[in-house]
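Asks: To be precise about what I am sending: the file is called upload06.csv and holds CSV, N, CA and C atoms.
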chain,number,residue,atom,x,y,z
C,279,GLN,N,49.3,-4.6,-74.7
C,279,GLN,CA,48.3,-4.8,-73.6
C,279,GLN,C,48.7,-4.1,-72.4
C,280,VAL,N,47.8,-3.2,-71.9
C,280,VAL,CA,48.1,-2.4,-70.7
C,280,VAL,C,48.0,-3.3,-69.5
C,281,GLU,N,48.9,-3.1,-68.6
C,281,GLU,CA,48.8,-3.8,-67.3
C,281,GLU,C,48.9,-2.8,-66.2
C,282,LEU,N,48.1,-3.0,-65.1
C,282,LEU,CA,48.2,-2.1,-64.0
C,282,LEU,C,48.6,-2.9,-62.7
C,283,THR,N,49.5,-2.4,-62.0
C,283,THR,CA,50.1,-3.0,-60.8
C,283,THR,C,50.0,-2.1,-59.6
C,284,GLU,N,49.1,-2.5,-58.7
C,284,GLU,CA,48.9,-1.7,-57.5
C,284,GLU,C,49.9,-2.2,-56.4
C,285,SER,N,50.2,-1.3,-55.5
C,285,SER,CA,51.0,-1.6,-54.3
C,285,SER,C,50.7,-0.5,-53.3
C,286,GLY,N,51.2,-0.8,-52.0
C,286,GLY,CA,51.1,0.2,-51.0
C,286,GLY,C,50.1,0.0,-50.0
C,287,GLY,N,49.2,-1.0,-50.1
C,287,GLY,CA,48.2,-1.3,-49.1
C,287,GLY,C,48.8,-1.8,-47.9
C,288,GLY,N,48.0,-1.9,-46.8
C,288,GLY,CA,48.5,-2.5,-45.6
C,288,GLY,C,47.5,-2.2,-44.5
C,289,SER,N,47.9,-2.4,-43.2
C,289,SER,CA,47.1,-2.2,-42.1
C,289,SER,C,47.6,-1.1,-41.3
C,290,VAL,N,46.7,-0.1,-40.9
C,290,VAL,CA,47.1,1.0,-40.2
C,290,VAL,C,46.0,1.3,-39.1
C,291,GLN,N,46.3,2.1,-38.1
C,291,GLN,CA,45.3,2.5,-37.2
C,291,GLN,C,44.6,3.7,-37.7
C,292,ALA,N,43.4,4.0,-37.2
C,292,ALA,CA,42.6,5.1,-37.6
C,292,ALA,C,43.5,6.4,-37.3
C,293,GLY,N,43.4,7.3,-38.3
C,293,GLY,CA,44.2,8.5,-38.3
C,293,GLY,C,45.5,8.4,-39.0
C,294,GLY,N,45.9,7.2,-39.4
C,294,GLY,CA,47.1,7.0,-40.1
C,294,GLY,C,47.0,7.3,-41.6
C,295,SER,N,48.1,7.0,-42.2
C,295,SER,CA,48.2,7.3,-43.7
C,295,SER,C,48.8,6.2,-44.4
C,296,LEU,N,48.4,6.1,-45.7
C,296,LEU,CA,49.0,5.1,-46.6
C,296,LEU,C,49.1,5.8,-48.0
C,297,ARG,N,50.0,5.4,-48.8
C,297,ARG,CA,50.1,5.9,-50.2
C,297,ARG,C,50.1,4.7,-51.1
C,298,LEU,N,49.0,4.6,-51.9
C,298,LEU,CA,48.9,3.5,-52.9
C,298,LEU,C,49.6,4.0,-54.2
C,299,SER,N,50.1,3.0,-54.9
C,299,SER,CA,50.7,3.3,-56.2
C,299,SER,C,50.1,2.4,-57.3
C,300,CYS,N,50.0,2.9,-58.5
C,300,CYS,CA,49.5,2.1,-59.6
C,300,CYS,C,50.5,2.4,-60.8
C,301,ILE,N,51.2,1.3,-61.1
C,301,ILE,CA,52.1,1.5,-62.3
C,301,ILE,C,51.4,1.0,-63.5
C,302,VAL,N,51.5,1.8,-64.6
C,302,VAL,CA,50.9,1.5,-65.9
C,302,VAL,C,52.0,1.0,-66.8
C,303,SER,N,51.8,-0.2,-67.3
C,303,SER,CA,52.9,-0.7,-68.2
C,303,SER,C,52.2,-1.3,-69.5
C,304,GLY,N,53.0,-1.3,-70.5
C,304,GLY,CA,52.5,-2.0,-71.7
C,304,GLY,C,51.7,-1.1,-72.7
C,305,GLY,N,51.5,0.1,-72.4
C,305,GLY,CA,50.7,0.9,-73.2
C,305,GLY,C,51.5,2.0,-73.9
C,306,ALA,N,51.0,2.6,-74.9
C,306,ALA,CA,51.7,3.7,-75.6
C,306,ALA,C,50.7,4.8,-76.0
C,307,TYR,N,49.8,5.1,-75.1
C,307,TYR,CA,48.8,6.2,-75.3
C,307,TYR,C,49.3,7.5,-74.7
C,308,ASN,N,48.8,8.6,-75.3
C,308,ASN,CA,49.2,9.9,-74.8
C,308,ASN,C,48.7,10.2,-73.4
C,309,GLY,N,47.5,9.7,-73.1
C,309,GLY,CA,46.9,10.0,-71.8
C,309,GLY,C,45.9,8.9,-71.4
C,310,TYR,N,45.7,8.8,-70.1
C,310,TYR,CA,44.8,7.8,-69.6
C,310,TYR,C,43.9,8.5,-68.6
C,311,CYS,N,42.6,8.1,-68.6
C,311,CYS,CA,41.8,8.4,-67.4
C,311,CYS,C,42.2,7.3,-66.4
C,312,MET,N,42.6,7.7,-65.2
C,312,MET,CA,43.0,6.8,-64.2
C,312,MET,C,42.1,7.0,-63.0
C,313,GLY,N,41.6,5.9,-62.5
C,313,GLY,CA,40.7,5.9,-61.4
C,313,GLY,C,41.1,5.0,-60.3
C,314,TRP,N,40.8,5.4,-59.0
C,314,TRP,CA,40.9,4.5,-57.9
C,314,TRP,C,39.5,4.2,-57.4
C,315,TYR,N,39.3,2.9,-57.3
C,315,TYR,CA,38.0,2.4,-56.8
C,315,TYR,C,38.3,1.5,-55.5
C,316,ARG,N,37.3,1.3,-54.7
C,316,ARG,CA,37.4,0.4,-53.6
C,316,ARG,C,36.2,-0.4,-53.4
C,317,GLN,N,36.4,-1.6,-52.8
C,317,GLN,CA,35.3,-2.5,-52.6
C,317,GLN,C,35.4,-3.1,-51.2
C,318,ALA,N,34.5,-2.8,-50.4
C,318,ALA,CA,34.5,-3.5,-49.0
C,318,ALA,C,33.6,-4.7,-49.1
C,319,PRO,N,33.8,-5.7,-48.2
C,319,PRO,CA,33.0,-6.9,-48.2
C,319,PRO,C,31.5,-6.6,-48.2
C,320,ALA,N,30.8,-7.3,-49.1
C,320,ALA,CA,29.4,-7.2,-49.2
C,320,ALA,C,28.9,-5.9,-49.7
C,321,LYS,N,29.8,-5.1,-50.3
C,321,LYS,CA,29.4,-3.8,-50.8
C,321,LYS,C,29.8,-3.7,-52.3
C,322,GLU,N,29.2,-2.8,-53.0
C,322,GLU,CA,29.6,-2.6,-54.4
C,322,GLU,C,30.9,-1.8,-54.5
C,323,ARG,N,31.5,-2.0,-55.6
C,323,ARG,CA,32.8,-1.2,-55.9
C,323,ARG,C,32.4,0.2,-56.1
C,324,GLU,N,33.1,1.1,-55.4
C,324,GLU,CA,32.7,2.6,-55.5
C,324,GLU,C,34.0,3.4,-56.0
C,325,GLY,N,33.7,4.4,-56.7
C,325,GLY,CA,34.8,5.3,-57.2
C,325,GLY,C,35.2,6.2,-56.1
C,326,VAL,N,36.6,6.3,-56.0
C,326,VAL,CA,37.2,7.1,-54.9
C,326,VAL,C,37.7,8.4,-55.5
C,327,ALA,N,38.5,8.3,-56.6
C,327,ALA,CA,39.2,9.4,-57.2
C,327,ALA,C,39.6,9.1,-58.6
C,328,THR,N,39.6,10.2,-59.4
C,328,THR,CA,40.0,10.0,-60.8
C,328,THR,C,40.9,11.2,-61.2
C,329,ILE,N,41.7,10.9,-62.2
C,329,ILE,CA,42.6,11.9,-62.8
C,329,ILE,C,42.9,11.6,-64.2
C,330,TYR,N,43.0,12.6,-65.0
C,330,TYR,CA,43.4,12.4,-66.4
C,330,TYR,C,44.9,12.7,-66.5
C,331,THR,N,45.7,11.8,-67.0
C,331,THR,CA,47.2,11.9,-67.0
C,331,THR,C,47.6,13.0,-67.9
C,332,GLY,N,46.8,13.4,-68.9
C,332,GLY,CA,47.1,14.4,-69.8
C,332,GLY,C,46.8,15.8,-69.3
C,333,GLY,N,46.3,15.9,-68.1
C,333,GLY,CA,46.0,17.2,-67.6
C,333,GLY,C,44.5,17.4,-67.3
C,334,GLY,N,44.2,18.3,-66.4
C,334,GLY,CA,42.8,18.5,-66.0
C,334,GLY,C,42.7,18.3,-64.5
C,335,SER,N,41.5,18.6,-64.0
C,335,SER,CA,41.2,18.5,-62.6
C,335,SER,C,40.9,17.1,-62.2
C,336,ALA,N,41.0,16.8,-60.9
C,336,ALA,CA,40.8,15.5,-60.3
C,336,ALA,C,39.3,15.5,-59.8
C,337,TYR,N,38.9,14.3,-59.6
C,337,TYR,CA,37.5,14.0,-59.0
C,337,TYR,C,37.8,13.3,-57.7
C,338,TYR,N,37.0,13.6,-56.7
C,338,TYR,CA,37.0,12.9,-55.4
C,338,TYR,C,35.6,12.6,-55.0
C,339,ALA,N,35.4,11.4,-54.5
C,339,ALA,CA,34.1,11.1,-53.8
C,339,ALA,C,34.0,12.0,-52.5
C,340,ASP,N,32.8,12.3,-52.2
C,340,ASP,CA,32.5,13.1,-51.0
C,340,ASP,C,33.1,12.5,-49.8
C,341,SER,N,33.1,11.2,-49.7
C,341,SER,CA,33.6,10.5,-48.5
C,341,SER,C,35.1,10.6,-48.3
C,342,VAL,N,35.8,11.0,-49.3
C,342,VAL,CA,37.3,11.1,-49.1
C,342,VAL,C,37.8,12.5,-49.4
C,343,LYS,N,37.0,13.5,-49.7
C,343,LYS,CA,37.4,14.8,-50.0
C,343,LYS,C,38.2,15.4,-48.8
C,344,GLY,N,39.3,16.0,-49.0
C,344,GLY,CA,40.1,16.6,-48.0
C,344,GLY,C,41.0,15.6,-47.3
C,345,ARG,N,40.8,14.4,-47.5
C,345,ARG,CA,41.7,13.3,-46.9
C,345,ARG,C,42.6,12.6,-47.9
C,346,PHE,N,42.1,12.4,-49.1
C,346,PHE,CA,42.8,11.6,-50.1
C,346,PHE,C,43.2,12.6,-51.2
C,347,THR,N,44.4,12.3,-51.8
C,347,THR,CA,44.8,13.0,-52.9
C,347,THR,C,45.4,12.1,-54.0
C,348,ILE,N,44.8,12.3,-55.2
C,348,ILE,CA,45.3,11.5,-56.4
C,348,ILE,C,46.3,12.3,-57.1
C,349,SER,N,47.4,11.7,-57.5
C,349,SER,CA,48.5,12.4,-58.3
C,349,SER,C,49.1,11.5,-59.2
C,350,GLN,N,50.0,12.1,-60.1
C,350,GLN,CA,50.7,11.2,-61.1
C,350,GLN,C,52.1,11.6,-61.2
C,351,ASP,N,52.9,10.7,-61.7
C,351,ASP,CA,54.3,10.9,-62.1
C,351,ASP,C,54.4,10.3,-63.5
C,352,ASN,N,54.2,11.1,-64.5
C,352,ASN,CA,54.2,10.6,-65.9
C,352,ASN,C,55.6,9.9,-66.2
C,353,ALA,N,56.7,10.4,-65.7
C,353,ALA,CA,58.0,9.9,-66.0
C,353,ALA,C,58.1,8.4,-65.5
C,354,LYS,N,57.3,8.1,-64.4
C,354,LYS,CA,57.4,6.8,-63.8
C,354,LYS,C,56.1,6.0,-64.2
C,355,ASN,N,55.3,6.6,-65.1
C,355,ASN,CA,54.0,5.9,-65.5
C,355,ASN,C,53.2,5.4,-64.2
C,356,THR,N,53.2,6.2,-63.2
C,356,THR,CA,52.6,5.8,-62.0
C,356,THR,C,51.6,6.9,-61.5
C,357,VAL,N,50.5,6.4,-61.0
C,357,VAL,CA,49.5,7.2,-60.3
C,357,VAL,C,49.4,6.8,-58.9
C,358,TYR,N,49.3,7.8,-58.0
C,358,TYR,CA,49.3,7.6,-56.6
C,358,TYR,C,48.0,8.0,-56.0
C,359,LEU,N,47.7,7.4,-54.8
C,359,LEU,CA,46.6,7.8,-54.0
C,359,LEU,C,47.1,8.0,-52.6
C,360,GLN,N,47.3,9.2,-52.2
C,360,GLN,CA,47.7,9.5,-50.8
C,360,GLN,C,46.5,9.5,-49.9
C,361,MET,N,46.5,8.7,-48.9
C,361,MET,CA,45.3,8.6,-48.0
C,361,MET,C,45.8,9.0,-46.6
C,362,ASN,N,45.2,10.1,-46.2
C,362,ASN,CA,45.5,10.6,-44.8
C,362,ASN,C,44.2,10.5,-44.0
C,363,SER,N,44.4,10.6,-42.7
C,363,SER,CA,43.3,10.6,-41.7
C,363,SER,C,42.4,9.4,-42.0
C,364,LEU,N,43.0,8.3,-42.1
C,364,LEU,CA,42.2,7.1,-42.5
C,364,LEU,C,41.2,6.7,-41.4
C,365,LYS,N,40.1,6.2,-41.8
C,365,LYS,CA,39.0,5.8,-40.9
C,365,LYS,C,38.7,4.3,-41.1
C,366,PRO,N,38.1,3.7,-40.1
C,366,PRO,CA,37.8,2.2,-40.3
C,366,PRO,C,36.9,2.0,-41.5
C,367,GLU,N,36.1,2.9,-41.9
C,367,GLU,CA,35.2,2.8,-43.0
C,367,GLU,C,35.9,2.9,-44.4
C,368,ASP,N,37.2,3.2,-44.3
C,368,ASP,CA,38.0,3.2,-45.5
C,368,ASP,C,38.6,1.8,-45.8
C,369,THR,N,38.3,0.9,-44.9
C,369,THR,CA,38.8,-0.5,-45.1
C,369,THR,C,38.1,-1.1,-46.3
C,370,ALA,N,39.0,-1.6,-47.3
C,370,ALA,CA,38.5,-2.1,-48.5
C,370,ALA,C,39.6,-2.6,-49.4
C,371,MET,N,39.3,-3.4,-50.4
C,371,MET,CA,40.3,-3.6,-51.5
C,371,MET,C,40.2,-2.5,-52.4
C,372,TYR,N,41.4,-1.9,-52.7
C,372,TYR,CA,41.5,-0.7,-53.6
C,372,TYR,C,42.0,-1.2,-54.9
C,373,TYR,N,41.3,-0.7,-56.0
C,373,TYR,CA,41.7,-1.1,-57.3
C,373,TYR,C,42.0,0.1,-58.1
C,374,CYS,N,43.0,0.0,-59.0
C,374,CYS,CA,43.3,1.0,-60.0
C,374,CYS,C,42.7,0.6,-61.3
C,375,ALA,N,42.2,1.6,-62.0
C,375,ALA,CA,41.6,1.4,-63.3
C,375,ALA,C,42.1,2.4,-64.3
C,376,ALA,N,42.1,2.0,-65.6
C,376,ALA,CA,42.7,2.9,-66.6
C,376,ALA,C,41.9,2.8,-67.9
C,377,ASP,N,41.8,3.9,-68.6
C,377,ASP,CA,41.2,3.9,-69.9
C,377,ASP,C,41.9,4.9,-70.8
C,378,PRO,N,42.4,4.5,-71.9
C,378,PRO,CA,43.1,5.5,-72.8
C,378,PRO,C,42.2,6.2,-73.8
C,379,PHE,N,40.9,5.9,-73.8
C,379,PHE,CA,40.1,6.4,-74.8
C,379,PHE,C,39.1,7.5,-74.4
C,380,ILE,N,39.0,7.7,-73.0
C,380,ILE,CA,38.1,8.7,-72.5
C,380,ILE,C,38.8,9.7,-71.7
C,381,TYR,N,38.3,11.0,-71.9
C,381,TYR,CA,38.8,12.1,-71.0
C,381,TYR,C,37.9,12.1,-69.8
C,382,CYS,N,38.5,12.3,-68.6
C,382,CYS,CA,37.7,12.2,-67.4
C,382,CYS,C,38.1,13.3,-66.4
C,383,GLY,N,38.6,14.4,-66.9
C,383,GLY,CA,39.0,15.5,-66.0
C,383,GLY,C,37.8,16.0,-65.2
C,384,GLY,N,38.0,15.8,-63.9
C,384,GLY,CA,37.0,16.3,-62.9
C,384,GLY,C,35.7,15.5,-62.8
C,385,MET,N,35.7,14.3,-63.3
C,385,MET,CA,34.5,13.5,-63.2
C,385,MET,C,34.8,12.1,-63.0
C,386,LEU,N,33.7,11.4,-62.5
C,386,LEU,CA,33.8,9.9,-62.2
C,386,LEU,C,33.2,9.2,-63.4
C,387,LEU,N,34.0,8.2,-63.9
C,387,LEU,CA,33.4,7.3,-64.9
C,387,LEU,C,32.7,6.2,-64.3
C,388,ARG,N,31.8,5.5,-65.0
C,388,ARG,CA,31.2,4.3,-64.6
C,388,ARG,C,32.3,3.2,-64.6
C,389,ARG,N,32.1,2.2,-63.8
C,389,ARG,CA,33.1,1.1,-63.7
C,389,ARG,C,33.2,0.5,-65.1
C,390,ASP,N,32.1,0.3,-65.9
C,390,ASP,CA,32.2,-0.4,-67.1
C,390,ASP,C,32.8,0.5,-68.2
C,391,GLN,N,33.2,1.7,-67.9
C,391,GLN,CA,33.9,2.5,-68.9
C,391,GLN,C,35.4,2.3,-68.9
C,392,TYR,N,35.9,1.7,-67.9
C,392,TYR,CA,37.3,1.5,-67.8
C,392,TYR,C,37.7,0.2,-68.6
C,393,THR,N,38.7,0.3,-69.4
C,393,THR,CA,39.1,-0.9,-70.1
C,393,THR,C,40.1,-1.8,-69.3
C,394,TYR,N,40.9,-1.2,-68.5
C,394,TYR,CA,41.9,-2.0,-67.7
C,394,TYR,C,41.7,-1.8,-66.2
C,395,TRP,N,42.0,-2.9,-65.5
C,395,TRP,CA,41.9,-3.0,-64.1
C,395,TRP,C,43.1,-3.7,-63.5
C,396,GLY,N,43.5,-3.2,-62.3
C,396,GLY,CA,44.5,-4.0,-61.6
C,396,GLY,C,43.9,-5.0,-60.7
C,397,GLN,N,44.8,-5.7,-60.0
C,397,GLN,CA,44.3,-6.9,-59.2
C,397,GLN,C,43.9,-6.4,-57.8
C,398,GLY,N,44.3,-5.2,-57.4
C,398,GLY,CA,43.8,-4.7,-56.1
C,398,GLY,C,44.9,-4.8,-55.0
C,399,THR,N,44.8,-3.9,-54.0
C,399,THR,CA,45.6,-3.9,-52.9
C,399,THR,C,44.8,-3.7,-51.7
C,400,GLN,N,45.0,-4.4,-50.6
C,400,GLN,CA,44.1,-4.4,-49.4
C,400,GLN,C,44.5,-3.3,-48.5
C,401,VAL,N,43.5,-2.5,-48.0
C,401,VAL,CA,43.7,-1.5,-47.0
C,401,VAL,C,42.8,-1.8,-45.8
C,402,THR,N,43.4,-1.9,-44.7
C,402,THR,CA,42.7,-2.2,-43.5
C,402,THR,C,43.0,-1.2,-42.4
C,403,VAL,N,41.9,-0.5,-41.9
C,403,VAL,CA,42.1,0.5,-40.9
C,403,VAL,C,41.4,0.1,-39.6
C,404,SER,N,42.1,0.0,-38.6
C,404,SER,CA,41.6,-0.4,-37.3
C,404,SER,C,41.3,0.8,-36.4
C,405,SER,N,40.3,0.6,-35.6
C,405,SER,CA,39.9,1.7,-34.7
C,405,SER,C,40.7,1.7,-33.4
Show this structure as structure tokens.
Replies:
Amino acid sequence: QVELTESGGGSVQAGGSLRLSCIVSGGAYNGYCMGWYRQAPAKEREGVATIYTGGGSAYYADSVKGRFTISQDNAKNTVYLQMNSLKPEDTAMYYCAADPFIYCGGMLLRRDQYTYWGQGTQVTVSS
């Protein structure tokens, strides 16, 4: 059973940075489609960035392009989301998602295409 554990959330002022981590444990697959999603109060969960751990380009939502970077460390089974130039509208619960059965290089999957989800980590950006 694959488990995802997020960390790195917190409270920062606008313009600040945070790095989220998502550790993948319990799986034995060659590659995963990994995604970061976020959900603000009273809003739908939206895709932020995706990467395929077996190689390929990343996907970024327009709202975070140029500010967020998704990366991986396969030796640590960890995917990161580096968030720079944070804005108050980035405030949300951030979730890590994984699926070992779909290739997602350069594209965003639907939420229901991910098999595994983490519990989330809160990011709060104050103005």
Asks: I'd like the contact shell of region 378-383 of chain C - 5 Å cut-off, all atoms listed in the file, skipping same-chain residues fewer than 2 positions apart - returned as a list in words.
Replies: Gly309, Tyr310, Cys311, Gly334, Ser335, Ala376 and Met385 of chain C
Asks: At a cut-off of 7 Å, using only C-alpha atoms, what residues contact Thr283 (chain C)? Leave out same-chain residues fewer than 2 positions from it and give the result as a list in words.
Replies: Glu281, Ser285, Cys300, Ile301, Val302 and Gly396 of chain C
Asks: Would you mind telling me which residue in C:Ala375, C:Leu296, C:Leu386, C:Ala339 lies nearest to Met361 (chain C) when using all atoms listed in the file?
Replies: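 Checking each candidate against Met361 (chain C), we get C:Leu296 as the closest.
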Asks: Out of C:Leu387, C:Arg345, C:Gly294, C:Ala353, which residue has the shortest atom-to-atom distance to Gly325 (chain C) when counting all atoms listed in the file?
Replies: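 Closest candidate: C:Leu387.
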Asks: Counting only N, CA and C atoms, figure out which residue out of C:Val280, C:Asn352, C:Val342, C:Gly384 gets nearest to Ile329 (chain C).
Replies: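 Going through C:Val280, C:Asn352, C:Val342, C:Gly384 one by one, the smallest distance to Ile329 (chain C) is for C:Gly384.
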Asks: In terms of the shortest atom-to-atom distance over only N, CA and C atoms, which of C:Cys374, C:Trp395, C:Thr331, C:Phe346 is closest to Asn362 (chain C)?
Replies: C:Phe346
Asks: Determine, counting all atoms listed in the file, which protein, DNA and RNA residues have an atom within 8 Å of an atom of Ser289 (chain C); residues of the same chain fewer than 6 positions away are not included. Present the result as a PDB file with N, CA and C atoms, in the coordinates of the input.
Replies:
ATOM      1  N   GLN C 400      45.000  -4.400 -50.600  1.00  0.00           N
ATOM      2  CA  GLN C 400      44.100  -4.400 -49.400  1.00  0.00           C
ATOM      3  C   GLN C 400      44.500  -3.300 -48.500  1.00  0.00           C
ATOM      4  N   VAL C 401      43.500  -2.500 -48.000  1.00  0.00           N
ATOM      5  CA  VAL C 401      43.700  -1.500 -47.000  1.00  0.00           C
ATOM      6  C   VAL C 401      42.800  -1.800 -45.800  1.00  0.00           C
ATOM      7  N   THR C 402      43.400  -1.900 -44.700  1.00  0.00           N
ATOM      8  CA  THR C 402      42.700  -2.200 -43.500  1.00  0.00           C
ATOM      9  C   THR C 402      43.000  -1.200 -42.400  1.00  0.00           C
ATOM     10  N   VAL C 403      41.900  -0.500 -41.900  1.00  0.00           N
ATOM     11  CA  VAL C 403      42.100   0.500 -40.900  1.00  0.00           C
ATOM     12  C   VAL C 403      41.400   0.100 -39.600  1.00  0.00           C
ATOM     13  N   SER C 404      42.100   0.000 -38.600  1.00  0.00           N
ATOM     14  CA  SER C 404      41.600  -0.400 -37.300  1.00  0.00           C
ATOM     15  C   SER C 404      41.300   0.800 -36.400  1.00  0.00           C
TER      16      SER C 404
END
Asks: Nearest to Gly286 (chain C): which of C:Ser405, C:Thr399, C:Ser349, C:Ala370 is it, counting only N, CA and C atoms?
Replies: C:Thr399
Asks: For a quick check of understanding, using only C-alpha atoms, which of C:Gln397, C:Thr369, C:Ser363, C:Asn308 has the smallest distance to Gly293 (chain C)?
Replies: C:Ser363
Asks: Please put the answer as AutoDock Vina command-line options: centre and edge lengths, in Å with one decimal, of a box along x, y and z that encloses all listed atoms of region 328-332 of chain C plus 8 Å on each side.
Replies:
--center_x 43.6 --center_y 12.9 --center_z -64.6 --size_x 24.0 --size_y 21.8 --size_z 26.4
Asks: Hey, can you check how far CA of Gln391 (chain C) sits from CA of Leu298 (chain C)?
Replies: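 Value for the CA of Gln391 (chain C)-CA of Leu298 (chain C) distance: 22.0 Å.
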Asks: Can you tell me how far CA of Tyr338 (chain C) sits from CA of Asp390 (chain C), in Å to one decimal?
Replies: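 That distance, rounded to one decimal, is 18.4 Å.
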Asks: Please give the complete set of residues from chain C that DSSP, run on the backbone, assigns to strand (DSSP E or B), formatted as a PyMOL selection string.
Replies: chain C and resi 281-285+288-291+296-303+311-317+324-330+337-338+346-351+356-361+370-377+394-395+399-404
Asks: Please compute the CA of Tyr315 (chain C)-CA of Gln291 (chain C) distance, one decimal, in Å.
Replies: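 So the two atoms, CA of Tyr315 (chain C) and CA of Gln291 (chain C), lie 20.9 Å apart.
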Asks: Taking (42.7, 17.5, -54.5) in the coordinates of the supplied file, I want to know which residues reach to within 8 Å of it, counting only C-alpha atoms; could you give the answer as a VMD selection string?
Replies: chain C and resid 336 to 338 343 to 344 346 to 348
Asks: Give me, as a list in words, the residues of region 340-392 of chain C that a backbone DSSP run labels helix (DSSP H, G or I).
Replies: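 Of region 340-392 of chain C, only Asn352, Ala353, Lys354, Pro366, Glu367, Asp368, Arg389, Asp390 and Gln391 of chain C fall in helix (DSSP H, G or I).
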